[in-house]
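Everything below belongs to coords_0.csv, which stores CSV, C-alpha atoms and all ligand atoms.
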chain,number,residue,atom,x,y,z
A,1,MET,CA,-29.4,-119.4,10.8
A,2,GLY,CA,-25.8,-120.0,11.8
A,3,ASP,CA,-22.8,-117.8,11.2
A,4,VAL,CA,-21.7,-117.4,7.6
A,5,GLU,CA,-18.3,-116.4,6.7
A,6,VAL,CA,-18.2,-114.2,3.7
A,7,PHE,CA,-15.5,-112.1,2.1
A,8,SER,CA,-15.8,-108.7,0.6
A,9,LEU,CA,-13.5,-108.5,-2.4
A,10,SER,CA,-13.3,-104.9,-2.3
A,11,ARG,CA,-12.6,-104.4,1.3
A,12,GLY,CA,-10.6,-107.5,2.0
A,13,ARG,CA,-12.0,-108.0,5.4
A,14,SER,CA,-14.7,-110.2,6.7
A,15,VAL,CA,-18.1,-108.8,7.6
A,16,LYS,CA,-21.1,-110.2,9.2
A,17,GLU,CA,-24.2,-111.4,7.4
A,18,ASP,CA,-26.1,-108.2,8.0
A,19,ALA,CA,-23.5,-106.3,5.9
A,20,PHE,CA,-24.3,-108.0,2.7
A,21,ALA,CA,-25.4,-104.8,1.2
A,22,TYR,CA,-21.7,-103.7,1.2
A,23,GLN,CA,-20.6,-106.7,-0.6
A,24,THR,CA,-23.0,-106.1,-3.4
A,25,GLY,CA,-21.2,-102.8,-4.2
A,26,GLU,CA,-24.2,-100.4,-3.4
A,27,ILE,CA,-23.0,-97.5,-1.3
A,28,THR,CA,-25.4,-96.3,1.4
A,29,THR,CA,-26.0,-92.5,1.3
A,30,PHE,CA,-28.0,-90.2,3.5
A,31,GLN,CA,-30.0,-87.1,2.7
A,32,ILE,CA,-28.6,-84.1,4.6
A,33,THR,CA,-30.6,-80.9,4.5
A,34,PHE,CA,-29.1,-77.5,5.2
A,35,ASP,CA,-32.0,-75.2,6.1
A,36,ASP,CA,-31.1,-71.5,5.5
A,37,ASN,CA,-33.8,-70.5,7.9
A,38,GLY,CA,-35.0,-67.4,6.1
A,39,GLY,CA,-31.8,-66.7,4.4
A,40,GLU,CA,-30.3,-67.8,1.1
A,41,GLY,CA,-28.0,-70.6,0.1
A,42,GLY,CA,-29.6,-73.6,1.8
A,43,GLU,CA,-29.3,-77.0,0.0
A,44,VAL,CA,-29.9,-80.7,0.3
A,45,GLN,CA,-26.8,-83.0,-0.1
A,46,SER,CA,-26.4,-86.8,-0.5
A,47,VAL,CA,-23.6,-87.8,1.8
A,48,GLU,CA,-22.0,-91.3,2.2
A,49,HIS,CA,-22.3,-93.0,5.4
A,50,GLY,CA,-19.7,-91.9,7.8
A,51,THR,CA,-18.8,-88.7,5.9
A,52,VAL,CA,-19.0,-85.3,7.5
A,53,PRO,CA,-21.1,-83.1,5.3
A,54,THR,CA,-19.7,-79.8,4.1
A,55,PRO,CA,-22.2,-77.0,4.7
A,56,PRO,CA,-23.0,-74.4,2.1
A,57,GLU,CA,-22.4,-70.6,2.4
A,58,VAL,CA,-25.6,-69.0,3.6
A,59,THR,CA,-26.6,-65.4,4.0
A,60,ARG,CA,-29.5,-63.4,5.3
A,61,GLU,CA,-30.2,-59.8,4.9
A,62,GLY,CA,-29.9,-57.9,8.2
A,63,TYR,CA,-28.4,-60.9,10.1
A,64,THR,CA,-25.1,-62.4,10.7
A,65,PHE,CA,-24.6,-66.2,10.5
A,66,ALA,CA,-24.1,-67.8,13.9
A,67,GLY,CA,-23.6,-71.4,13.0
A,68,TRP,CA,-25.6,-74.6,12.3
A,69,SER,CA,-27.9,-76.4,14.7
A,70,PRO,CA,-27.4,-79.2,15.7
A,71,GLU,CA,-23.6,-79.4,15.3
A,72,ILE,CA,-22.6,-81.0,12.1
A,73,ALA,CA,-21.5,-84.7,12.5
A,74,ALA,CA,-20.6,-87.7,10.3
A,75,ALA,CA,-23.6,-89.0,8.4
A,76,THR,CA,-25.3,-92.0,9.9
A,77,GLU,CA,-28.9,-91.2,8.9
A,78,ASP,CA,-30.8,-88.5,7.1
A,79,ALA,CA,-30.4,-85.2,8.9
A,80,THR,CA,-31.4,-81.6,8.9
A,81,TYR,CA,-29.2,-78.7,10.0
A,82,THR,CA,-30.7,-75.3,10.5
A,83,ALA,CA,-28.9,-72.0,10.1
A,84,GLN,CA,-28.7,-69.9,13.2
A,85,TRP,CA,-28.9,-66.1,12.7
A,86,THR,CA,-28.1,-63.1,14.9
A,87,ALA,CA,-30.0,-59.9,14.0
A,88,LEU,CA,-27.7,-57.0,12.9
A,89,PHE,CA,-28.1,-53.4,14.1
A,90,THR,CA,-28.2,-50.5,11.7
A,91,ILE,CA,-25.6,-47.8,12.3
A,92,THR,CA,-26.2,-44.6,10.3
A,93,ILE,CA,-23.2,-42.4,9.5
A,94,VAL,CA,-24.0,-38.7,9.0
A,95,SER,CA,-21.5,-36.2,7.6
A,96,ALA,CA,-22.1,-32.8,5.9
A,97,HIS,CA,-18.7,-32.9,4.1
A,98,GLY,CA,-15.7,-35.0,3.3
A,99,ALA,CA,-14.8,-38.5,2.2
A,100,VAL,CA,-16.1,-40.8,4.9
A,101,ILE,CA,-15.1,-44.5,5.2
A,102,PRO,CA,-17.4,-46.4,5.2
A,103,ALA,CA,-19.7,-44.1,3.2
A,104,VAL,CA,-22.4,-41.9,4.7
A,105,GLY,CA,-25.6,-43.9,5.2
A,106,ASP,CA,-26.7,-47.2,6.9
A,107,HIS,CA,-24.4,-50.0,7.8
A,108,GLN,CA,-25.2,-53.4,9.4
A,109,VAL,CA,-23.2,-54.3,12.5
A,110,GLY,CA,-23.6,-57.3,14.8
A,111,ASP,CA,-24.4,-57.1,18.5
A,112,GLY,CA,-21.3,-56.3,20.6
A,113,GLU,CA,-19.1,-55.6,17.6
A,114,GLU,CA,-16.8,-52.7,17.2
A,115,PHE,CA,-17.7,-50.3,14.4
A,116,SER,CA,-15.2,-47.7,13.1
A,117,SER,CA,-15.6,-44.7,10.8
A,118,SER,CA,-13.0,-42.3,9.5
A,119,VAL,CA,-13.1,-39.1,7.6
A,120,GLU,CA,-10.7,-36.9,5.6
A,121,THR,CA,-10.3,-33.3,6.6
A,122,PRO,CA,-10.0,-30.5,5.8
A,123,VAL,CA,-12.3,-30.1,2.8
A,124,ILE,CA,-11.7,-27.0,0.6
A,125,ASP,CA,-14.4,-25.6,-1.6
A,126,GLU,CA,-12.8,-22.6,-3.3
A,127,LEU,CA,-12.6,-19.9,-0.6
A,128,THR,CA,-14.5,-22.0,2.1
A,129,GLN,CA,-12.8,-24.6,4.2
A,130,TYR,CA,-14.5,-27.3,6.4
A,131,VAL,CA,-12.6,-28.9,9.2
A,132,VAL,CA,-13.7,-31.9,11.3
A,133,THR,CA,-13.8,-31.0,15.0
A,134,GLY,CA,-14.9,-34.5,16.2
A,135,TRP,CA,-18.0,-36.7,16.3
A,136,ILE,CA,-21.1,-37.6,18.4
A,137,ALA,CA,-23.1,-40.8,18.6
A,138,THR,CA,-26.5,-41.8,19.9
A,139,GLU,CA,-27.3,-44.3,22.6
A,140,ASN,CA,-26.4,-47.9,21.8
A,141,LEU,CA,-23.0,-46.7,20.7
A,142,ASP,CA,-20.2,-46.5,23.2
A,143,PRO,CA,-18.6,-44.0,23.6
A,144,VAL,CA,-21.0,-41.3,22.5
A,145,GLU,CA,-18.5,-38.6,21.4
A,146,GLY,CA,-14.9,-38.1,20.4
A,147,VAL,CA,-12.3,-36.0,18.7
A,148,GLY,CA,-10.0,-36.6,15.7
A,149,THR,CA,-10.7,-38.2,12.4
A,150,GLN,CA,-11.3,-41.8,13.5
A,151,ALA,CA,-14.3,-43.0,15.5
A,152,VAL,CA,-14.5,-46.5,17.1
A,153,VAL,CA,-17.7,-47.5,18.9
A,154,THR,CA,-19.0,-50.7,20.4
A,155,VAL,CA,-22.5,-51.5,19.1
A,156,SER,CA,-25.4,-52.7,21.3
A,157,GLY,CA,-28.4,-51.5,19.2
A,158,ASP,CA,-29.3,-49.2,16.3
A,159,GLY,CA,-27.6,-45.9,16.4
A,160,THR,CA,-26.3,-42.9,14.5
A,161,LEU,CA,-22.7,-41.5,14.3
A,162,THR,CA,-22.5,-37.9,13.2
A,163,TRP,CA,-19.3,-36.1,12.1
A,164,LEU,CA,-19.0,-32.5,13.3
A,165,TRP,CA,-17.5,-29.8,11.1
A,166,SER,CA,-16.5,-26.2,11.5
A,167,THR,CA,-16.4,-23.7,8.6
A,168,ASN,CA,-13.6,-21.3,7.8
A,169,TYR,CA,-13.6,-18.5,5.2
A,170,TRP,CA,-10.5,-17.3,3.3
A,171,LEU,CA,-9.4,-13.8,4.2
A,172,GLU,CA,-7.2,-12.1,1.6
A,173,THR,CA,-5.3,-9.1,3.0
A,174,ALA,CA,-3.0,-6.7,1.2
A,175,ALA,CA,-1.3,-3.4,1.7
A,176,GLY,CA,-0.9,-0.8,-1.0
A,177,GLU,CA,2.4,1.1,-1.3
A,178,HIS,CA,4.0,2.7,1.8
A,179,GLY,CA,2.3,0.5,4.5
A,180,THR,CA,1.6,-2.9,5.9
A,181,VAL,CA,-1.2,-4.9,7.5
A,182,ASP,CA,-0.7,-7.1,10.5
A,183,VAL,CA,-2.9,-10.1,9.4
A,184,GLU,CA,-1.6,-12.3,6.6
A,185,SER,CA,-4.0,-13.9,4.1
A,186,GLY,CA,-5.4,-17.1,5.6
A,187,TRP,CA,-8.4,-19.1,6.9
A,188,GLN,CA,-10.6,-17.4,9.5
A,189,PRO,CA,-13.4,-19.0,11.6
A,190,ALA,CA,-16.8,-18.3,10.0
A,191,GLY,CA,-19.0,-15.9,12.0
A,192,GLU,CA,-16.2,-14.4,14.0
A,193,VAL,CA,-14.5,-11.0,13.7
A,194,ALA,CA,-11.1,-10.7,12.3
A,195,GLN,CA,-9.3,-7.5,13.4
A,196,ILE,CA,-6.8,-6.1,11.0
A,197,THR,CA,-4.5,-3.1,11.7
A,198,ALA,CA,-3.0,-1.1,8.9
A,199,SER,CA,0.3,0.7,9.6
A,200,ALA,CA,1.7,3.4,7.4
A,201,ASP,CA,5.4,4.0,6.6
A,202,LEU,CA,7.1,7.1,8.0
A,203,TYR,CA,5.7,10.3,6.4
A,204,PHE,CA,2.5,8.4,5.2
A,205,ASP,CA,-1.0,8.0,6.7
A,206,PHE,CA,-3.5,5.2,6.4
A,207,MET,CA,-6.1,6.4,3.9
A,208,ASN,CA,-8.8,3.7,3.6
A,209,TRP,CA,-9.7,0.1,3.0
A,210,THR,CA,-10.9,-1.2,-0.4
A,211,GLY,CA,-12.5,-4.5,-1.1
A,212,ASP,CA,-15.1,-6.3,1.0
A,213,VAL,CA,-15.8,-3.6,3.5
A,214,THR,CA,-19.0,-1.5,3.8
A,215,ALA,CA,-18.9,2.2,3.2
A,216,GLY,CA,-19.0,2.9,6.9
A,217,GLU,CA,-16.0,0.7,7.6
A,218,MET,CA,-13.7,2.1,5.0
A,219,GLN,CA,-11.9,4.5,7.3
A,220,GLU,CA,-11.7,2.2,10.3
A,221,ASN,CA,-8.3,1.3,11.6
A,222,PRO,CA,-8.1,-1.2,13.0
A,223,LEU,CA,-10.8,-2.8,11.0
A,224,ASP,CA,-13.2,-5.3,12.6
A,225,LEU,CA,-14.2,-7.5,9.8
A,226,LEU,CA,-17.1,-10.0,10.4
A,227,MET,CA,-16.2,-13.2,8.5
A,228,ASP,CA,-19.6,-14.1,7.3
A,229,ALA,CA,-18.2,-15.0,3.9
A,230,PRO,CA,-14.8,-15.2,2.1
A,231,LYS,CA,-13.4,-11.6,2.0
A,232,SER,CA,-10.6,-9.6,0.5
A,233,VAL,CA,-9.4,-6.2,1.8
A,234,THR,CA,-6.6,-3.9,0.9
A,235,ALA,CA,-5.3,-1.0,3.0
A,236,LEU,CA,-4.3,2.1,1.0
A,237,PHE,CA,-1.9,4.8,2.2
A,238,GLU,CA,-1.3,8.4,1.3
A,239,ALA,CA,1.6,10.8,1.7
A,240,ILE,CA,1.4,13.3,4.5
A,241,MET,CA,1.4,16.8,3.0
A,242,THR,CA,2.2,20.2,4.5
A,243,GLU,CA,-0.6,22.7,4.9
A,244,ASN,CA,1.6,25.5,3.4
A,245,ARG,CA,2.3,24.9,-0.3
A,246,PRO,CA,1.1,21.3,0.0
A,247,THR,CA,4.3,19.3,-0.2
A,248,PRO,CA,4.9,15.6,0.8
A,249,LEU,CA,7.0,15.1,3.9
A,250,TRP,CA,8.8,12.1,2.3
A,251,TRP,CA,10.1,14.4,-0.5
A,252,LEU,CA,11.3,17.0,2.0
A,253,ALA,CA,13.0,14.2,4.0
A,254,GLU,CA,14.6,12.9,0.8
A,255,HIS,CA,16.3,16.4,0.6
A,256,GLY,CA,17.4,16.4,4.2
A,257,ILE,CA,14.5,18.3,5.7
A,258,THR,CA,13.1,16.2,8.6
A,259,GLU,CA,11.5,18.8,10.9
A,260,ASP,CA,9.6,22.1,10.9
A,261,PHE,CA,8.1,21.1,7.6
A,262,GLU,CA,5.5,23.9,7.5
A,263,ALA,CA,8.2,26.6,7.7
A,264,ALA,CA,10.6,24.7,5.4
A,265,VAL,CA,8.3,24.8,2.4
A,266,LEU,CA,8.3,28.6,2.5
A,267,ILE,CA,12.1,28.9,2.7
A,268,ASP,CA,14.3,29.1,-0.4
A,269,HIS,CA,17.0,26.8,0.9
A,270,ASP,CA,19.2,27.0,-2.2
A,271,GLU,CA,18.5,30.7,-2.9
A,272,ASP,CA,17.6,30.0,-6.5
A,273,GLY,CA,14.5,32.3,-6.1
A,274,ILE,CA,12.1,29.3,-5.8
A,275,PRO,CA,10.7,28.4,-2.4
A,276,THR,CA,11.3,24.8,-1.5
A,277,GLY,CA,7.5,24.0,-1.6
A,278,ASP,CA,7.4,25.2,-5.2
A,279,GLU,CA,10.4,23.2,-6.2
A,280,TRP,CA,8.3,20.1,-5.3
A,281,ILE,CA,5.8,21.2,-8.0
A,282,MET,CA,8.7,21.7,-10.4
A,283,ASP,CA,10.3,18.4,-9.3
A,284,THR,CA,13.6,20.2,-9.0
A,285,ASP,CA,16.3,19.9,-6.3
A,286,PRO,CA,15.5,22.4,-3.5
A,287,MET,CA,19.2,22.2,-2.4
A,288,ASN,CA,20.7,22.9,-5.8
A,289,PRO,CA,20.5,26.5,-7.0
A,290,ASP,CA,21.2,25.3,-10.5
A,291,SER,CA,18.0,23.2,-10.5
A,292,PHE,CA,14.7,25.0,-11.1
A,293,LEU,CA,12.3,25.3,-13.9
A,294,ARG,CA,13.8,27.6,-16.4
A,295,LEU,CA,14.9,28.0,-20.0
A,296,THR,CA,18.4,26.7,-20.4
A,297,GLU,CA,19.2,26.8,-24.1
A,298,PHE,CA,18.4,29.3,-26.8
A,299,ASP,CA,19.9,28.2,-30.1
A,300,PRO,CA,19.6,29.6,-33.6
A,301,LEU,CA,17.7,27.5,-36.1
A,302,PHE,CA,19.4,27.5,-39.6
A,303,GLY,CA,17.5,27.1,-42.8
A,304,GLU,CA,17.3,28.2,-46.5
A,305,PRO,CA,18.7,30.2,-48.1
A,306,CYS,CA,22.4,29.3,-47.7
A,307,PHE,CA,25.4,31.1,-49.1
A,308,GLU,CA,28.9,30.2,-50.0
A,309,HIS,CA,31.2,32.3,-47.9
A,310,ILE,CA,34.7,32.4,-49.4
A,311,TRP,CA,37.7,34.2,-48.0
A,312,THR,CA,41.5,34.1,-48.3
A,313,ASN,CA,44.3,34.5,-45.7
A,314,GLU,CA,45.9,37.9,-45.7
A,315,VAL,CA,49.3,36.5,-45.2
A,316,PRO,CA,51.0,33.5,-47.0
A,317,PRO,CA,50.2,30.9,-47.6
A,318,PHE,CA,47.1,32.3,-49.2
A,319,GLU,CA,44.7,29.5,-48.6
A,320,ILE,CA,41.1,29.9,-49.9
A,321,THR,CA,38.5,28.8,-47.5
A,322,THR,CA,34.9,28.1,-48.4
A,323,GLN,CA,32.1,27.9,-45.9
A,324,THR,CA,28.4,27.4,-46.3
A,325,VAL,CA,26.4,29.8,-44.2
A,326,CYS,CA,22.6,29.4,-43.9
A,327,SER,CA,20.1,31.9,-42.7
A,328,VAL,CA,18.8,31.9,-39.2
A,329,VAL,CA,15.1,31.1,-39.7
A,330,GLY,CA,14.2,30.8,-36.0
A,331,HIS,CA,15.2,29.7,-32.6
A,332,VAL,CA,15.2,26.5,-30.7
A,333,VAL,CA,14.2,26.9,-27.1
A,334,THR,CA,14.8,24.2,-24.5
A,335,TRP,CA,13.6,23.6,-20.9
A,336,PRO,CA,14.8,20.8,-18.7
A,337,VAL,CA,11.7,19.0,-17.4
A,338,SER,CA,10.6,16.1,-15.2
A,339,THR,CA,9.0,13.1,-16.7
A,340,ASN,CA,6.8,13.0,-13.5
A,341,ARG,CA,5.1,16.3,-14.2
A,342,ILE,CA,2.7,17.8,-16.7
A,343,TYR,CA,3.5,20.9,-18.8
A,344,ASP,CA,1.7,23.5,-20.8
A,345,LEU,CA,3.3,25.9,-23.2
A,346,GLU,CA,1.8,29.3,-23.7
A,347,PHE,CA,2.7,32.4,-25.6
A,348,ASN,CA,2.0,36.0,-25.2
A,349,VAL,CA,-0.2,37.7,-27.9
A,350,ASP,CA,-0.1,41.3,-26.7
A,351,PHE,CA,3.4,41.9,-25.5
A,352,PRO,CA,4.1,43.8,-23.3
A,353,GLY,CA,0.5,43.0,-22.3
A,354,ASP,CA,-0.4,39.9,-20.2
A,355,THR,CA,-2.5,37.8,-22.4
A,356,TRP,CA,-1.3,34.2,-22.8
A,357,VAL,CA,-2.7,31.5,-25.0
A,358,PRO,CA,-1.8,27.8,-25.3
A,359,VAL,CA,0.6,26.7,-28.0
A,360,GLU,CA,-1.4,24.4,-30.2
A,361,GLY,CA,-0.5,20.8,-29.6
A,362,MET,CA,1.7,21.6,-26.6
A,363,THR,CA,-0.7,21.5,-23.7
A,364,HIS,CA,-0.9,18.8,-21.1
A,365,ILE,CA,2.5,17.4,-22.1
A,366,VAL,CA,3.8,14.4,-20.2
A,367,PRO,CA,7.4,14.4,-21.2
A,368,GLU,CA,9.1,11.2,-22.2
A,369,MET,CA,12.5,12.9,-22.2
A,370,PRO,CA,14.0,15.3,-19.6
A,371,TRP,CA,13.9,18.0,-22.2
A,372,LEU,CA,11.1,20.1,-23.6
A,373,THR,CA,12.0,21.8,-26.9
A,374,ILE,CA,10.1,24.1,-29.2
A,375,THR,CA,11.0,25.9,-32.4
A,376,ASN,CA,10.1,29.5,-32.9
A,377,THR,CA,10.3,30.5,-36.6
A,378,LEU,CA,10.9,34.0,-37.7
A,379,ASP,CA,8.2,33.8,-40.3
A,380,ALA,CA,5.5,33.2,-37.7
A,381,ASP,CA,2.7,35.7,-37.5
A,382,PHE,CA,4.5,37.6,-34.8
A,383,PHE,CA,7.5,37.1,-32.6
A,384,LYS,CA,6.5,35.0,-29.7
A,385,LEU,CA,7.2,35.2,-26.0
A,386,TYR,CA,6.8,31.8,-24.4
A,387,ARG,CA,6.3,30.6,-20.9
A,388,VAL,CA,6.0,27.1,-19.5
A,389,ARG,CA,3.6,26.0,-16.8
A,390,VAL,CA,4.0,22.9,-14.6
A,391,GLN,CA,1.6,20.9,-12.5
A,392,LEU,CA,1.5,17.7,-10.6
A,393,PRO,CA,0.2,14.6,-12.3
A,394,GLU,CA,-3.5,13.9,-11.5
A,401,CA,CA,14.9,27.1,-4.1
A,402,CA,CA,16.7,24.5,-6.7
Using the file provided, produce a representation of the structure as structure tokens.
Amino acid sequence: MGDVEVFSLSRGRSVKEDAFAYQTGEITTFQITFDDNGGEGGEVQSVEHGTVPTPPEVTREGYTFAGWSPEIAAATEDATYTAQWTALFTITIVSAHGAVIPAVGDHQVGDGEEFSSSVETPVIDELTQYVVTGWIATENLDPVEGVGTQAVVTVSGDGTLTWLWSTNYWLETAAGEHGTVDVESGWQPAGEVAQITASADLYFDFMNWTGDVTAGEMQENPLDLLMDAPKSVTALFEAIMTENRPTPLWWLAEHGITEDFEAAVLIDHDEDGIPTGDEWIMDTDPMNPDSFLRLTEFDPLFGEPCFEHIWTNEVPPFEITTQTVCSVVGHVVTWPVSTNRIYDLEFNVDFPGDTWVPVEGMTHIVPEMPWLTITNTLDADFFKLYRVRVQLPE
């Protein structure tokens, strides 16, 4: 058969006899198979002659996709492409606390890839604090340890990366009045000893600790406190007292006495008849002779009956003056007192004997005003002789 010239209407160019199929309008396609090779997403496509097929997305658990074999080319015949897979390694992240990114547990990582993990620190759980100190890793991870809150390792096999934590406990420290402690409230390493020293102000002594201390530790100063849990301790202080007529040194110092305290409390500095040590009990001024516990006012109490008392001048002008005069029915008796002391009123029942009994309702008085007043009426059973006793508050 000789050459035949034919024309393709669609393509506008001449083709040879063996291309008649094109002229008829049928398009040649090929079957292209994408084999997912154990994964998911493989498919079979029909592709026109000369077209480069578009591969599907394929995945496989535990593997990372490494390309198609053979290399994808324009379709000239039916073809099969096979997915190539690289096995992933399992990296396990371990952490006792904190927000870890990615999360604690297993993660798939390709051979030779870098794997990073980060963690937030510190973690506070009420009075306990956890702080990251670094991390360690098993073989197949490089490097195998580090510090800080970000770990980056190169993976060559399965491995484990473990975050390391330290524990701190909250120590609450406080000082009562008249002293200080040298350790502020804060976090302390768990399992270690925190040493706290209490210091008293001038004229005061450290007394004891209260709070999370054992009975045997209460008097210790400095205090060695084992931080095996969150703890709270408070140092208490007490005034130093004289042996003679127990009197606080701070009170003596307030009144200008700063030495020879034992002798001072026996002296009557202001010569009011009351030794200075007793003026502490009275809460009066040991340098003021006008200040000591004593009756200061004795006033008549007027009552019924009352009379009109009328009189006239003896010289002009003769003015008439009227005045109402009431009977004296008793006496009002007043003591200046301290609102920081406790008082008892007593009266004598066998004057001039020495038998004293409490005035009903006037024992253990804590004055709200600096005056203590009683009324002694004349119509009482008998005329009363009163005395007032003072003591320190408990
Ligand atoms: Ca005195
Ligand atoms: Ca005095």
Query raised in the report: Please, which residues have at least one atom within 9 Å of an atom of ligand CA 401 (chain A), using only C-alpha atoms and all ligand atoms, listed as an NGL selection string?
Result: :A and (267-279 or 284-289 or 291-292)
Query raised in the report: Which value, in Å to one decimal, gives the distance between atom CA of A:Gly146 and atom CA of A:Ala99?
Result: 18.2 Å
Query - Contact residues around A:Asp142 with all atoms listed in the file at 7 Å, ignoring same-chain residues under 3 positions, as a list in words - result: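 With the cut-off at 7 Å, the set is Val153, Thr154 and Val155 of chain A.
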Report task. Can you work out which one of A:Phe237, A:Met282, A:Gln108, A:Val52 has the shortest atom-to-atom distance to ligand CA 402 (chain A), counting only C-alpha atoms and all ligand atoms? Result ->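 With only C-alpha atoms and all ligand atoms as the atom set, the closest residue is A:Met282.
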Report task. Tell me which of A:Thr51, A:Thr33, A:Thr80, A:Asn140 sits closest to A:Ser156, counting all atoms listed in the file. Result ->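 Of the candidates, the smallest distance to A:Ser156 is held by A:Asn140.
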Query raised in the report: So, counting only C-alpha atoms and all ligand atoms, which residue among A:Ile342, A:Leu293, A:Leu266, A:Val349 is closest to ligand CA 402 (chain A)?
Result: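 Selected residue with least distance to ligand CA 402 (chain A): A:Leu293.
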Report summary line: Computed gap from atom CA of A:Gly179 to atom CA of A:Asp201 is 5.1 Å
Query raised in the report: Neighbours of A:Ser199 within 7 Å (only C-alpha atoms; same-chain residues fewer than 4 positions away dropped), as a list in words?
Result: Gly179, Thr180, Val181 and Phe206 of chain A
Query raised in the report: Neighbours of stretch 258-261 of chain A within 8 Å (all atoms listed in the file; same-chain residues fewer than 3 positions away dropped), as a PyMOL selection string?
Result: chain A and resi 242+249+252-253+264-265
Query raised in the report: Which of these, A:Leu141, A:Val357, A:Ala66, A:Val233, has the shortest distance to A:Thr90 once you count all atoms listed in the file?
Result: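 Distance minimum relative to A:Thr90 lands on A:Leu141.
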Query raised in the report: Taking only C-alpha atoms into account, which of A:Asp36, A:Asp212, A:Glu48, A:Glu304 comes nearest A:Arg60?
Result: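 For A:Arg60, the nearest of the given residues is A:Asp36.
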Query raised in the report: Just how far from atom CA of A:Val388 is atom CA of A:Trp356, in Å to one decimal?
Result: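 Interatomic distance, atom CA of A:Trp356 to atom CA of A:Val388: 10.7 Å.
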Query raised in the report: For ligand CA 402 (chain A), which residue out of A:Glu126, A:Asp283, A:Asp290, A:Glu192 is the nearest one, using all atoms listed in the file?
Result: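 That would be A:Asp290, the residue with the smallest distance to ligand CA 402 (chain A).
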